[in-house]
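Enquirer: Structure below; questions to follow.
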Amino acid sequence: MPRTLPKPSPETRHFWEGCKAGELRLQRCRRCSEPYFPPRPFCPSCACRDVDVFTASGKATLYSYIINHRPRADMGTEPHSIAVVELAEGPRMMTNVINCPQTPEALQLDMPLQVVFGNESAEMALPYFEPAGKPRL
Amino acid sequence: MRGVAVVGAAETTRLGIIPELSVIGLHADAALNAMADAGLRPSEIDGLATAGEYPPALAAYLGLAPKWIDGTSVGGCSFMLHVRHAAAAIEAGYCTTVLVTHGESGRSGVGRMPHSTTTSSLAAEFEYPYGVAGATSNLTIPALRYMKACGTTEEDIARVVVVQREWAAMNPRASLKTPITVEEVLNSEIIAWPFRRPMCCLRTDGGGALILTDASRAKGFAGKPVYITGTGEGVESPMVSMMKDFTTFRAFRSAGADAFVQAGITHADVDHLMIYDAFAHLPLYGLEDLGFCQPGETKDFIRERKTAPGGELPMNTNGGGLCYMHSGMYGMYALQESVRQLRGIAPAQVPGARISVCAGVGGMFAAAGVVIFTSDDPTLRT
């Protein structure tokens with residue numbers, strides 16, 4: 001069963017196009033400079049419509065997570081992490097921490113992570129995170 | 001607020017596994033029991049609030065012609081918000097007698113709306129692809145951060161279950177009455193680490209209903225009236241990943257603060273507490289966010305048995321969503337237990353309870369509602 005994939009909206013399409021191009025795209029207000037996520041065409045801090053899209057560093061730390069021992073039908077059969085990471089630029093996002101054992105010992109809060117994009121279909125790549133410093137395969 | 005009372009309160013005739021009733025049937029069973037409790041006929045009810053059912057459908061089913069309705073549906077705490085909104089409506093003169101109902105076939109799924117997961121919400125786009133499947137793998141995510149920040153251990157979370165099982169043991173209607181130890185909790189099946197099965201709520205069928213009216217009429221009913229003295233509500237984000245600080249729930253803080261100010265009470269005045277416990281970490285957040293404990297102190301508060309039978313702040317005395325019942329939107333059962341305690345008819349009665357605080361969560365830390373009840377007639381206040 002293939003993983004359920006997001007359906008981009010007009011307001012979020014730039015994010016998903018970025019993932020497909022290997023870029024983690026955030027937005028930032030031109031007035032108050034506050035980076036934010038998830039995408040929307042205005043700044044949630046000051047309601048300014050004058051916003052930029054920029055490519056984030058892909059660096060993050062592990063903010064919190066669970067290890068789901070009852071995976072959804074489209075998520076395989078093995079226990080897996082569902083995590084919230086804090087991006088170096090400030091915003092947080094949900095993800096899976098991959099390329100490491102899915103255990104409490106391997107998943108330590110505040111550990112450094114880096115983004116890695118998983119091609120899930122011809123149109124869609126999802127941003128995942130892996131322990132920082134892992135050599136790119 | 002000085003003017004609104006609960007004059008009818010009841011749950012469904014049975015709780016647990018009720019395959020012979022659909023969702024609307026559970027609403028109706030609870031509503032009829034609450035009307036019988038108050039000694040009211042449908043023609044005497046002119047306000048209706050409900051969640052999980054379309055208010056006009058329920059009004060028609062019950063034979064009501066309400067001139068005020070509230071369909072606020074923000075998850076399990078919706079009923080706390082209904083009580084708040086209904087009290088305001090009664091005080092504004094929009095209606096005189098409000099029925100608040102809940103019914104949910106959480107276990108049997110009879111007549112339940114299909115669960116929608118493929119909407120174009122931001123949560124569907126930015127959380128669902130990572131495998132969240134309901135509250136078990138979603139509402140639980142902040143816990144590890146809370147635990148690290150507060151030095152709270154898995155044993156501390158397990159102890160919440162142990163204490164609530166003690167309360168449940170005194171309640172004939174509770175689903176899980178067998179005593180459990182910290183070790184047994186920690187040796188149970190992992191559902192979503194660090195959460196093990198006993199740390200997660202039950203899935204059961206049931207319902208409940210309340211009837212509210214002006215306090216000046218409250219003594220004319222069969223049951224002992226319980227008065228609403230303070231309320232609060234708030235929201236944060238429907239996406240748990242967007243919760244600003246995983247160690248504290250903003251909506252709990254604001255709703256609690258508003259309710260305490262309105263009630264004009266201090267924490268020392270509180271005799272009884274209900275905090276929505278869909279999962280065992282929620283009472284830890286609630287105790288701190290409502291101001292009963294300083295941040296990080298809750299683990300000690302529970303270890304010292306302050307919330308246990310005989311403790312200074314009896315909490316979740318029906319056994320809670322972990323042990324009593326949890327249909328999906330548990331808030332109604334927390335309200336019912338607060339009312340029972342102040343009426344003096346709870347199975348695990350807190351002697352002399354006069355003030356009860358009841359706090360609910362909705363969604364994935366998305367919404368909160370707080371109701372403070374008192375058994376003291378506010379119309380006699382000078």
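By order of appearance in the structure tokens: chains A, B, ..., then residues from 1 within every chain, and ligands from 1 in the order shown.
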Excluding same-chain residues fewer than 3 positions from Ala169 (chain B), what lies within 12 Å of it counting only C-alpha atoms, as a ChimeraX atom specification?
Expert: /B:162-166,172-180,309,317-320,323-324,347-348
Enquirer: Pick out the chain A residues within 6 Å of chain B. Count only C-alpha atoms. Give them as a list of chain:residue names.
Expert: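 Close enough to count are A:Thr4, A:Leu5, A:Pro6, A:Ser64, A:Tyr65, A:Ile66, A:Ile67, A:Asn68, A:His69, A:Val84, A:Met93, A:Met94, A:Thr95.
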Enquirer: List the neighbours of Met329 (chain B) out to 12 Å using only C-alpha atoms; skip same-chain residues closer than 5 positions along the sequence, and give me the result as a PyMOL selection string.
Expert: chain B and resi 50-52+73-80+101-106+135+201-208+276-278+321+334-335+360-363
Enquirer: Write out as a tab-separated table (two decimals) with N, CA and C atoms, in the first residue's frame the residues lying within 10 Å of region 31-48 of chain A, counting only C-alpha atoms and excluding same-chain residues fewer than 4 positions away.
Expert:
chain	number	residue	atom	x	y	z
A	9	SER	N	-1.91	22.58	-2.38
A	9	SER	CA	-2.91	23.61	-2.68
A	9	SER	C	-2.17	24.76	-3.37
A	10	PRO	N	-2.90	25.70	-3.94
A	10	PRO	CA	-2.21	26.84	-4.58
A	10	PRO	C	-1.27	27.55	-3.61
A	11	GLU	N	-1.62	27.57	-2.34
A	11	GLU	CA	-0.81	28.30	-1.36
A	11	GLU	C	0.42	27.51	-0.90
A	12	THR	N	0.45	26.20	-1.18
A	12	THR	CA	1.55	25.37	-0.66
A	12	THR	C	2.42	24.77	-1.77
A	13	ARG	N	2.01	24.97	-3.02
A	13	ARG	CA	2.66	24.26	-4.13
A	13	ARG	C	4.17	24.54	-4.18
A	14	HIS	N	4.58	25.76	-3.88
A	14	HIS	CA	6.02	26.09	-3.95
A	14	HIS	C	6.84	25.21	-3.00
A	15	PHE	N	6.24	24.84	-1.88
A	15	PHE	CA	6.96	24.01	-0.92
A	15	PHE	C	7.23	22.63	-1.52
A	25	ARG	N	11.94	24.66	1.29
A	25	ARG	CA	11.59	26.07	1.11
A	25	ARG	C	10.68	26.56	2.23
A	26	LEU	N	11.13	27.58	2.91
A	26	LEU	CA	10.32	28.24	3.94
A	26	LEU	C	9.91	29.60	3.40
A	27	GLN	N	9.11	30.29	4.18
A	27	GLN	CA	8.73	31.66	3.83
A	27	GLN	C	9.19	32.59	4.94
A	52	ASP	N	8.51	36.40	1.30
A	52	ASP	CA	9.49	35.78	0.43
A	52	ASP	C	9.51	34.27	0.63
A	53	VAL	N	9.87	33.55	-0.41
A	53	VAL	CA	10.20	32.14	-0.27
A	53	VAL	C	11.72	32.04	-0.29
A	54	PHE	N	12.28	31.27	0.66
A	54	PHE	CA	13.73	31.09	0.65
A	54	PHE	C	14.06	29.64	0.96
A	56	ALA	N	15.83	26.87	3.03
A	56	ALA	CA	16.39	26.69	4.37
A	56	ALA	C	17.64	25.84	4.31
A	89	GLU	N	16.38	27.58	11.21
A	89	GLU	CA	15.80	28.90	10.97
A	89	GLU	C	14.69	29.24	11.97
A	90	GLY	N	14.26	28.27	12.77
A	90	GLY	CA	13.26	28.53	13.81
A	90	GLY	C	11.98	27.73	13.72
A	91	PRO	N	11.32	27.69	12.57
A	91	PRO	CA	10.05	26.94	12.51
A	91	PRO	C	10.24	25.45	12.81
A	92	ARG	N	9.17	24.82	13.23
A	92	ARG	CA	9.17	23.38	13.44
A	92	ARG	C	8.33	22.71	12.38
A	93	MET	N	8.60	21.43	12.17
A	93	MET	CA	7.75	20.64	11.26
A	93	MET	C	7.72	19.19	11.67
B	122	LEU	N	-4.10	21.86	6.29
B	122	LEU	CA	-2.64	21.86	6.48
B	122	LEU	C	-2.19	20.62	7.25
B	123	ALA	N	-3.03	20.16	8.18
B	123	ALA	CA	-2.67	18.94	8.91
B	123	ALA	C	-2.61	17.75	7.97
B	125	GLU	N	-1.86	17.83	4.91
B	125	GLU	CA	-0.73	18.01	4.00
B	125	GLU	C	0.62	17.86	4.70
B	126	PHE	N	0.72	18.35	5.92
B	126	PHE	CA	2.04	18.45	6.56
B	126	PHE	C	2.21	17.56	7.79
B	242	MET	N	2.62	22.41	15.50
B	242	MET	CA	2.66	23.87	15.58
B	242	MET	C	2.40	24.38	17.01
Enquirer: Would you kindly return, as a PyMOL selection string, each protein, DNA or RNA residue with an atom no farther than 12 Å from any atom of Thr97 (chain B), considering only C-alpha atoms and excluding same-chain residues fewer than 4 positions away?
Expert: chain B and resi 4-8+35+38+40-49+64-69+83+86-91+93+210-215+217-218
Enquirer: What does the file look like for those residues with C-alpha atoms, as a short mmCIF file (atom, residue, chain, number, x, y, z; two decimals), in the first residue's frame?
Expert:
data_model
loop_
_atom_site.label_atom_id
_atom_site.label_comp_id
_atom_site.auth_asym_id
_atom_site.auth_seq_id
_atom_site.Cartn_x
_atom_site.Cartn_y
_atom_site.Cartn_z
CA VAL B 4 -26.93 29.57 35.93
CA ALA B 5 -27.29 26.10 37.37
CA VAL B 6 -27.18 22.48 36.23
CA VAL B 7 -30.56 21.01 37.16
CA GLY B 8 -30.37 17.76 35.22
CA MET B 35 -34.86 15.14 31.43
CA ALA B 38 -34.70 17.19 36.16
CA LEU B 40 -38.65 18.21 32.57
CA ARG B 41 -40.65 17.50 29.41
CA PRO B 42 -39.26 18.18 25.92
CA SER B 43 -41.63 21.15 25.55
CA GLU B 44 -39.89 22.86 28.45
CA ILE B 45 -36.46 22.81 26.76
CA ASP B 46 -35.80 25.79 24.50
CA GLY B 47 -32.05 25.52 23.96
CA LEU B 48 -29.86 22.73 22.56
CA ALA B 49 -26.10 22.32 22.33
CA LEU B 64 -37.59 19.80 20.67
CA ALA B 65 -38.17 23.23 19.12
CA PRO B 66 -35.14 25.13 20.42
CA LYS B 67 -34.86 28.86 19.85
CA TRP B 68 -31.13 28.75 20.61
CA ILE B 69 -28.62 26.14 19.40
CA VAL B 83 -21.83 24.88 29.13
CA ALA B 86 -25.33 28.08 27.27
CA ALA B 87 -24.77 29.99 30.52
CA ALA B 88 -24.19 33.16 28.53
CA ALA B 89 -27.28 32.53 26.39
CA ILE B 90 -29.46 32.01 29.47
CA GLU B 91 -28.10 35.16 31.07
CA GLY B 93 -32.31 35.85 27.74
CA LEU B 210 -26.80 18.15 31.11
CA ILE B 211 -29.72 20.55 31.57
CA LEU B 212 -28.99 24.15 32.53
CA THR B 213 -31.35 26.89 33.61
CA ASP B 214 -31.46 30.15 35.52
CA ALA B 215 -30.22 29.77 39.09
CA ARG B 217 -35.41 28.48 39.24
CA ALA B 218 -32.90 25.84 40.24
#
Enquirer: Report the residues of chain A whose backbone DSSP state falls under helix (DSSP H, G or I), written as a PyMOL selection string.
Expert: chain A and resi 13-20+73-75
Enquirer: Report, in Å with one decimal, the straight-line distance from CA of Val350 (chain B) to CA of Gly310 (chain B).
Expert: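 Atom-to-atom, CA of Val350 (chain B) to CA of Gly310 (chain B), that is 8.4 Å.
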Enquirer: How far is it from CA of Val116 (chain A) to CA of Thr55 (chain A), in Å with one decimal?
Expert: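 Taking CA of Val116 (chain A) and CA of Thr55 (chain A), their separation equals 13.9 Å.
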Enquirer: Report, in Å with one decimal, the straight-line distance from CA of Asp50 (chain A) to CA of Glu86 (chain A).
Expert: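 Straight-line distance from CA of Asp50 (chain A) to CA of Glu86 (chain A) works out to 24.4 Å.
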